[in-house]
Amino acid sequence: MPLHRPASTRIKAKAAELGFELCGIAPADDLPELSFFAEWLARGYAGEMQWLTRTAARRADVRAVVPGARSVIVTGTLYNVDRPYSTEERDPAVGLVSRYAWGDDYHDVIGRRLDQLLAWMREEAAEPFEARAYVDTGPVQERVYAQYAGLGWIGKNACLINERIGSWLFLSEIICSLPLEPDTPAFDRCGTCTLCLEACPTGAIVEPHVIDSNRCLSYLTIELRGDIPEEHRAALGAHVYGCDVCQDVCPYNQAAPASDDPAWQPRPSLDRPRLADLWRMPDAELRRVTKGSAMTRAKLPALRRNVAVALANAGRPLDLEAADPARPSAGDPMVRRHVGSSAGTPPAVSVPRDVRSG
């Protein structure tokens with residue numbers, strides 16, 4: 001055997017030692033849920049994310065990524081911290097940043113831990129084996145493998161939900177040629193609940209488990225490089241980076257545990273930031289406060305664009321200002337097209353924190 005028996009048990013124990021809350025093993029098989037991705041792309045739901053189309057063939061099967069792969073080790077890391085949910089924020093002048101981006105960049109933090117796990121596996125192995133490790137960086141349909149690894153099920157909001165700790169999870173995986181014992185797949189526990197579909201500000205959850213990225217606030221505020229469609233600007237509300245609404249309202253997150261990991265604690269500048277402060281912040285300062293966080297995914301002009309719309313939604317539209325050498329991104333033509341721009345009153349979304357699934 002490549003690893004001393006029981007290999008699966010020992011890998012999970014090591015993963016827990018390294019700080020992963022969840023770890024399971026899925027088979028590197030032709031899983032039926034993998035085939036829907038091609039249809040999702042064909043519907044145009046990927047928006048401008050062309051890299052998804054370019055890697056579609058590889059995303060259909062991890063054996064296209066690691067020839068000879070037999071197992072997928074999937075880990076889950078809890079990033080929830082003890083702070084109010086976005087649906088509980090009543091001050092429209094406070095910018096909303098997606099919970100996963102408050103602390104350090106998960107790609108780096110979890111990447112280091114995953115590298116440690118893989119290095120340990122290679123040390124323990126009696127023979128060499130092929131493997132690739134990914135933290136939301138490779139052509140892998142990670143939620144499908146996470147479900148088959150028993151970590152949780154894919155909810156109607158398309159997030160992986162764990163019955164015990166909810167959906168505030170970073171997923172990562174090691175695809176390898178080791179013949180590991182797979183776990184029992186998790187089964188769907190959403191039942192008849194449709195809170196996430198009803199709460200989505202733009203109706204981006206077009207049917208259970210299916211997201212149209214063209215409407216999703218996370219896509220519009222992070223991945224979209226051009227203008228935000230006018231019909232979605234009011235729904236942006238105070239969101240300046242990402243959106244957590246569909247997770248905020250999920251019954252399985254109403255009693256979600258909080259992590260005390262320093263890596264996920266909010267940076268002071270990203271903990272309930274004032275929209276006006278974000279707008280006035282010089283480019284150099286804005287780069288400094290987002291450096292080392294996942295917020296670098298959105299370039300400065302996109303962040304300025306989002307803040308400009310959020311300020312308009314808060315009833316505090318900006319006037320076009322003279323060029324400011326400290327904030328050249330504010331003068332970007334795309335940003336200026338969003339200054340003072342809103343399409344109406346943003347929808348109100350709230351849910352009692354004591355909601356439980358039925």
# chains A, B, ... in the order shown; residues from 1 in each chain; ligands from 1

$ select_by_dssp --residues "range 258-287 of chain A" --states "alpha helix (DSSP H)" --output "ChimeraX atom specification"
/A:275-280,283-287

$ write_last_selection --atoms "N, CA and C atoms" --output "short mmCIF file (atom, residue, chain, number, x, y, z; two decimals), in the first residue's frame"
data_model
loop_
_atom_site.label_atom_id
_atom_site.label_comp_id
_atom_site.auth_asym_id
_atom_site.auth_seq_id
_atom_site.Cartn_x
_atom_site.Cartn_y
_atom_site.Cartn_z
N LEU A 275 -18.90 53.82 3.59
CA LEU A 275 -18.79 54.01 2.15
C LEU A 275 -18.02 55.28 1.81
N ALA A 276 -18.33 56.36 2.51
CA ALA A 276 -17.65 57.63 2.23
C ALA A 276 -16.15 57.53 2.48
N ASP A 277 -15.77 56.78 3.53
CA ASP A 277 -14.35 56.61 3.83
C ASP A 277 -13.66 55.81 2.73
N LEU A 278 -14.35 54.78 2.22
CA LEU A 278 -13.76 54.00 1.14
C LEU A 278 -13.57 54.85 -0.11
N TRP A 279 -14.54 55.71 -0.39
CA TRP A 279 -14.42 56.55 -1.59
C TRP A 279 -13.29 57.56 -1.46
N ARG A 280 -13.14 58.15 -0.28
CA ARG A 280 -12.11 59.18 -0.08
C ARG A 280 -10.71 58.59 0.05
N ASP A 283 -5.63 55.89 -3.48
CA ASP A 283 -5.36 54.60 -4.11
C ASP A 283 -4.32 53.79 -3.34
N ALA A 284 -3.26 54.46 -2.92
CA ALA A 284 -2.19 53.76 -2.21
C ALA A 284 -2.71 53.13 -0.91
N GLU A 285 -3.59 53.85 -0.21
CA GLU A 285 -4.14 53.34 1.03
C GLU A 285 -5.11 52.19 0.76
N LEU A 286 -5.92 52.31 -0.28
CA LEU A 286 -6.86 51.26 -0.63
C LEU A 286 -6.11 49.98 -1.01
N ARG A 287 -5.00 50.14 -1.71
CA ARG A 287 -4.18 48.96 -2.04
C ARG A 287 -3.59 48.36 -0.77
#

$ select_by_dssp --residues "range 20-80 of chain A" --states "strand (DSSP E or B)" --output "PyMOL selection string"
chain A and resi 22-27+71-78

$ write_last_selection --atoms "N, CA and C atoms" --output "PDB file, in the first residue's frame"
ATOM      1  N   LEU A  22     -13.033  19.979   8.171  1.00  0.00           N
ATOM      2  CA  LEU A  22     -13.626  18.835   7.501  1.00  0.00           C
ATOM      3  C   LEU A  22     -12.622  18.207   6.548  1.00  0.00           C
ATOM      4  N   CYS A  23     -12.706  16.920   6.404  1.00  0.00           N
ATOM      5  CA  CYS A  23     -11.886  16.224   5.417  1.00  0.00           C
ATOM      6  C   CYS A  23     -12.598  14.923   5.036  1.00  0.00           C
ATOM      7  N   GLY A  24     -12.725  14.684   3.758  1.00  0.00           N
ATOM      8  CA  GLY A  24     -13.347  13.462   3.277  1.00  0.00           C
ATOM      9  C   GLY A  24     -12.720  13.050   1.967  1.00  0.00           C
ATOM     10  N   ILE A  25     -13.099  11.875   1.492  1.00  0.00           N
ATOM     11  CA  ILE A  25     -12.492  11.333   0.282  1.00  0.00           C
ATOM     12  C   ILE A  25     -13.580  10.911  -0.694  1.00  0.00           C
ATOM     13  N   ALA A  26     -13.454  11.386  -1.929  1.00  0.00           N
ATOM     14  CA  ALA A  26     -14.385  11.045  -3.002  1.00  0.00           C
ATOM     15  C   ALA A  26     -13.655  10.228  -4.052  1.00  0.00           C
ATOM     16  N   PRO A  27     -14.367   9.390  -4.767  1.00  0.00           N
ATOM     17  CA  PRO A  27     -13.725   8.645  -5.849  1.00  0.00           C
ATOM     18  C   PRO A  27     -13.516   9.542  -7.069  1.00  0.00           C
ATOM     19  N   SER A  71      -8.477   9.037  -6.414  1.00  0.00           N
ATOM     20  CA  SER A  71      -9.137   9.609  -5.240  1.00  0.00           C
ATOM     21  C   SER A  71      -9.019  11.124  -5.244  1.00  0.00           C
ATOM     22  N   VAL A  72     -10.018  11.768  -4.633  1.00  0.00           N
ATOM     23  CA  VAL A  72      -9.983  13.216  -4.423  1.00  0.00           C
ATOM     24  C   VAL A  72     -10.184  13.461  -2.934  1.00  0.00           C
ATOM     25  N   ILE A  73      -9.141  13.963  -2.293  1.00  0.00           N
ATOM     26  CA  ILE A  73      -9.220  14.320  -0.875  1.00  0.00           C
ATOM     27  C   ILE A  73      -9.744  15.744  -0.803  1.00  0.00           C
ATOM     28  N   VAL A  74     -10.881  15.943  -0.162  1.00  0.00           N
ATOM     29  CA  VAL A  74     -11.504  17.265  -0.090  1.00  0.00           C
ATOM     30  C   VAL A  74     -11.483  17.756   1.346  1.00  0.00           C
ATOM     31  N   THR A  75     -11.047  18.987   1.538  1.00  0.00           N
ATOM     32  CA  THR A  75     -11.035  19.580   2.877  1.00  0.00           C
ATOM     33  C   THR A  75     -11.975  20.782   2.932  1.00  0.00           C
ATOM     34  N   GLY A  76     -12.493  21.040   4.103  1.00  0.00           N
ATOM     35  CA  GLY A  76     -13.350  22.201   4.331  1.00  0.00           C
ATOM     36  C   GLY A  76     -12.812  23.007   5.496  1.00  0.00           C
ATOM     37  N   THR A  77     -12.724  24.310   5.318  1.00  0.00           N
ATOM     38  CA  THR A  77     -12.202  25.209   6.354  1.00  0.00           C
ATOM     39  C   THR A  77     -13.261  26.237   6.707  1.00  0.00           C
ATOM     40  N   LEU A  78     -13.644  26.296   7.960  1.00  0.00           N
ATOM     41  CA  LEU A  78     -14.651  27.248   8.435  1.00  0.00           C
ATOM     42  C   LEU A  78     -14.047  28.644   8.508  1.00  0.00           C
TER      43      LEU A  78
END

$ closest_residue --among "A:Ala101, A:Ala258, A:Val109, A:Ala125" --to "Ala7 in chain A" --atoms "only C-alpha atoms"
A:Ala125

$ atom_distance --atom1 "CA of Tyr134 in chain A" --atom2 "CA of Glu181 in chain A"
20.5 Å

$ closest_residue --among "A:Met295, A:Ala93, A:Cys193, A:Val144" --to "Ser218 in chain A" --atoms "only C-alpha atoms"
A:Met295

$ closest_residue --among "A:Ala199, A:Ile205, A:Leu18, A:Val210" --to "Asp248 in chain A" --atoms "only C-alpha atoms"
A:Ala199

$ residues_around --residues "Asp261 in chain A" --least-positions-apart "6" --cutoff "10 Å" --atoms "only C-alpha atoms" --output "JSON, numbers by chain"
{"A": [19, 78, 79, 80, 81, 103]}

$ write_last_selection --atoms "C-alpha atoms" --output "PDB file, in the first residue's frame"
ATOM      1  CA  GLY A  19      -6.506  23.178  10.926  1.00  0.00           C
ATOM      2  CA  LEU A  78     -14.651  27.248   8.435  1.00  0.00           C
ATOM      3  CA  TYR A  79     -14.211  31.000   7.933  1.00  0.00           C
ATOM      4  CA  ASN A  80     -17.235  32.321   9.796  1.00  0.00           C
ATOM      5  CA  VAL A  81     -16.381  34.842  12.522  1.00  0.00           C
ATOM      6  CA  GLY A 103      -9.292  38.384   6.612  1.00  0.00           C
TER       7      GLY A 103
END

$ atom_distance --atom1 "CA of His239 in chain A" --atom2 "CA of Cys196 in chain A"
17.1 Å

$ residues_around --residues "Ala133 in chain A" --least-positions-apart "2" --cutoff "9 Å" --atoms "only C-alpha atoms" --output "MDAnalysis selection string"
chainID A and resid 111 114:115 118 131 135 138 172:176

$ write_last_selection --atoms "C-alpha atoms" --output "PDB file, in the first residue's frame"
ATOM      1  CA  GLY A 111      -2.626  26.636   0.124  1.00  0.00           C
ATOM      2  CA  LEU A 114      -2.723  21.852   1.878  1.00  0.00           C
ATOM      3  CA  ASP A 115       0.920  21.765   0.771  1.00  0.00           C
ATOM      4  CA  LEU A 118       0.501  16.650   0.666  1.00  0.00           C
ATOM      5  CA  ALA A 131      -1.027  14.362  -7.054  1.00  0.00           C
ATOM      6  CA  VAL A 135      -7.499  25.898  -3.469  1.00  0.00           C
ATOM      7  CA  GLY A 138      -7.784  24.555 -10.619  1.00  0.00           C
ATOM      8  CA  SER A 172      -9.736  22.657  -1.264  1.00  0.00           C
ATOM      9  CA  GLU A 173      -8.658  19.327  -2.685  1.00  0.00           C
ATOM     10  CA  ILE A 174      -5.803  16.966  -3.433  1.00  0.00           C
ATOM     11  CA  ILE A 175      -6.340  14.878  -6.550  1.00  0.00           C
ATOM     12  CA  CYS A 176      -4.164  11.812  -6.328  1.00  0.00           C
TER      13      CYS A 176
END

$ residues_around --residues "Asp212 in chain A" --least-positions-apart "4" --cutoff "9 Å" --atoms "only C-alpha atoms" --output "list of chain:residue names"
A:Trp40, A:Arg43, A:Gly44, A:Tyr45, A:Ala46, A:Gly47, A:Gly203, A:Ala204, A:Ile205, A:Val206, A:Cys216

$ residues_around --residues "Val309 in chain A" --least-positions-apart "4" --cutoff "9 Å" --atoms "only C-alpha atoms" --output "PyMOL selection string"
chain A and resi 233-234+236-238+240+304-305+313-314+317+338-342

$ closest_residue --among "A:Leu311, A:Ala263, A:Leu220, A:Val65" --to "Gly292 in chain A" --atoms "only C-alpha atoms"
A:Ala263

$ residues_around --residues "Glu223 in chain A" --least-positions-apart "5" --cutoff "9 Å" --atoms "only C-alpha atoms" --output "number ranges by chain"
A: 48-49, 218, 297-298, 302
